[in-house]
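Chemist: Let me begin by handing over the structure; questions about it come next.
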Amino acid sequence: MKEYIAERVLETADYVLLNKCTVREVAKVFCVSKSTAHKDLSERLAQIDKQRYDKIVEVMSDNWDVRYLRGGQATKKKYKG
């Protein structure tokens with residue numbers, strides 16, 4: 001793996017752990033696609049740092065569990081204003 005990719009993976013992982021944000025949010029911050037951010041966090045991070053990967057899995061699992069709530073909030077906001 002190229003060095004700049006490994007650095008990006010670690011930076012995105014730290015950002016997610018610090019802010020408990022979603023893959024979409026981290027993708028916007030680091031100017032990468034959602035697919036790239038997801039691959040960084042779900043595949044590449046496991047190869048680089050297993051401990052951080054385990055923490056990221058917890059955050060991503062929590063986001064997965066509440067995604068329907070966030071979708072409902074977005075729809076409410078869309079049609080309210």
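Identifiers in this document derive from the order of the structure tokens: chains are assigned A, B, ..., residues are numbered from 1 separately in each chain, and ligands are numbered from 1 in order of occurrence.
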Val23 of chain A: which residues within 7 Å, counting only C-alpha atoms, same-chain residues fewer than 3 positions away excluded, as a ChimeraX atom specification?
Modeler: /A:26-27,34,37-38
Chemist: Please provide the set of residues having any atom within 9 Å of segment 43-51 of chain A, restricted to only C-alpha atoms, with same-chain residues fewer than 5 positions apart removed, written as a PDB file with N, CA and C atoms, in the first residue's frame.
Modeler:
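Just written: result.pdb:
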ATOM      1  N   MET A   1       0.843  -1.168   0.000  1.00  0.00           N
ATOM      2  CA  MET A   1       0.000   0.000   0.000  1.00  0.00           C
ATOM      3  C   MET A   1       0.894   1.238   0.000  1.00  0.00           C
ATOM      4  N   ILE A   5      -1.726   6.678   0.983  1.00  0.00           N
ATOM      5  CA  ILE A   5      -3.006   6.005   1.252  1.00  0.00           C
ATOM      6  C   ILE A   5      -3.061   5.576   2.713  1.00  0.00           C
ATOM      7  N   ALA A   6      -1.981   5.013   3.208  1.00  0.00           N
ATOM      8  CA  ALA A   6      -1.928   4.593   4.609  1.00  0.00           C
ATOM      9  C   ALA A   6      -2.120   5.789   5.545  1.00  0.00           C
ATOM     10  N   VAL A   9      -5.790   6.769   5.488  1.00  0.00           N
ATOM     11  CA  VAL A   9      -6.597   5.796   6.230  1.00  0.00           C
ATOM     12  C   VAL A   9      -6.527   6.086   7.726  1.00  0.00           C
ATOM     13  N   LEU A  10      -5.334   6.321   8.235  1.00  0.00           N
ATOM     14  CA  LEU A  10      -5.174   6.599   9.662  1.00  0.00           C
ATOM     15  C   LEU A  10      -5.809   7.932  10.052  1.00  0.00           C
ATOM     16  N   ALA A  13      -9.585   7.472  10.080  1.00  0.00           N
ATOM     17  CA  ALA A  13      -9.971   6.676  11.248  1.00  0.00           C
ATOM     18  C   ALA A  13      -9.962   7.531  12.512  1.00  0.00           C
ATOM     19  N   HIS A  38     -15.276   4.298   2.692  1.00  0.00           N
ATOM     20  CA  HIS A  38     -15.736   3.028   3.261  1.00  0.00           C
ATOM     21  C   HIS A  38     -14.666   1.953   3.122  1.00  0.00           C
ATOM     22  N   ILE A  56     -13.424   1.375  15.060  1.00  0.00           N
ATOM     23  CA  ILE A  56     -14.175   1.890  13.916  1.00  0.00           C
ATOM     24  C   ILE A  56     -15.395   1.008  13.647  1.00  0.00           C
TER      25      ILE A  56
END
Chemist: Enumerate as a PyMOL selection string all residues of segment 4-64 of chain A assigned to alpha helix (DSSP H) by DSSP on the backbone, naming them with the chain letters and numbers the document uses.
Modeler: chain A and resi 4-19+23-29+34-39+45-48+50-64
Chemist: Identify which of the residues A:Asp62, A:Lys20, A:Thr12, A:Ala74 lies closest to Lys39 of chain A, counting only C-alpha atoms when measuring atom-to-atom distances.
Modeler: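 Smallest separation from Lys39 of chain A among the options: A:Thr12.
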Chemist: Can you tell me how far atom CA of Met60 of chain A sits from atom CA of Gly72 of chain A, in Å to one decimal?
Modeler: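 These two atoms are separated by 18.8 Å.
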Chemist: To one decimal place, how far is atom CA of Thr75 of chain A from atom CA of Asp40 of chain A in Å?
Modeler: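 Computed distance, atom CA of Thr75 of chain A to atom CA of Asp40 of chain A, equals 29.0 Å.
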Chemist: Using only C-alpha atoms, which residue out of A:Asp14, A:Lys28, A:Val66, A:Ser35 lies closest to Tyr53 of chain A?
Modeler: A:Asp14
Chemist: State, in Å with one decimal place, the distance from atom CA of Tyr15 of chain A to atom CA of Glu3 of chain A.
Modeler: 18.4 Å
Chemist: Could you name the residues that touch Lys55 of chain A at 10 Å or less, counting only C-alpha atoms, but leaving out those on the same chain fewer than 6 positions away, as a PyMOL selection string?
Modeler: chain A and resi 13+16-17+61
Chemist: Which residue, A:Arg8, A:Tyr68, A:Gln73, A:Lys78, has the smallest gap to Val32 of chain A when you use only C-alpha atoms?
Modeler: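 Selected residue with least distance to Val32 of chain A: A:Arg8.
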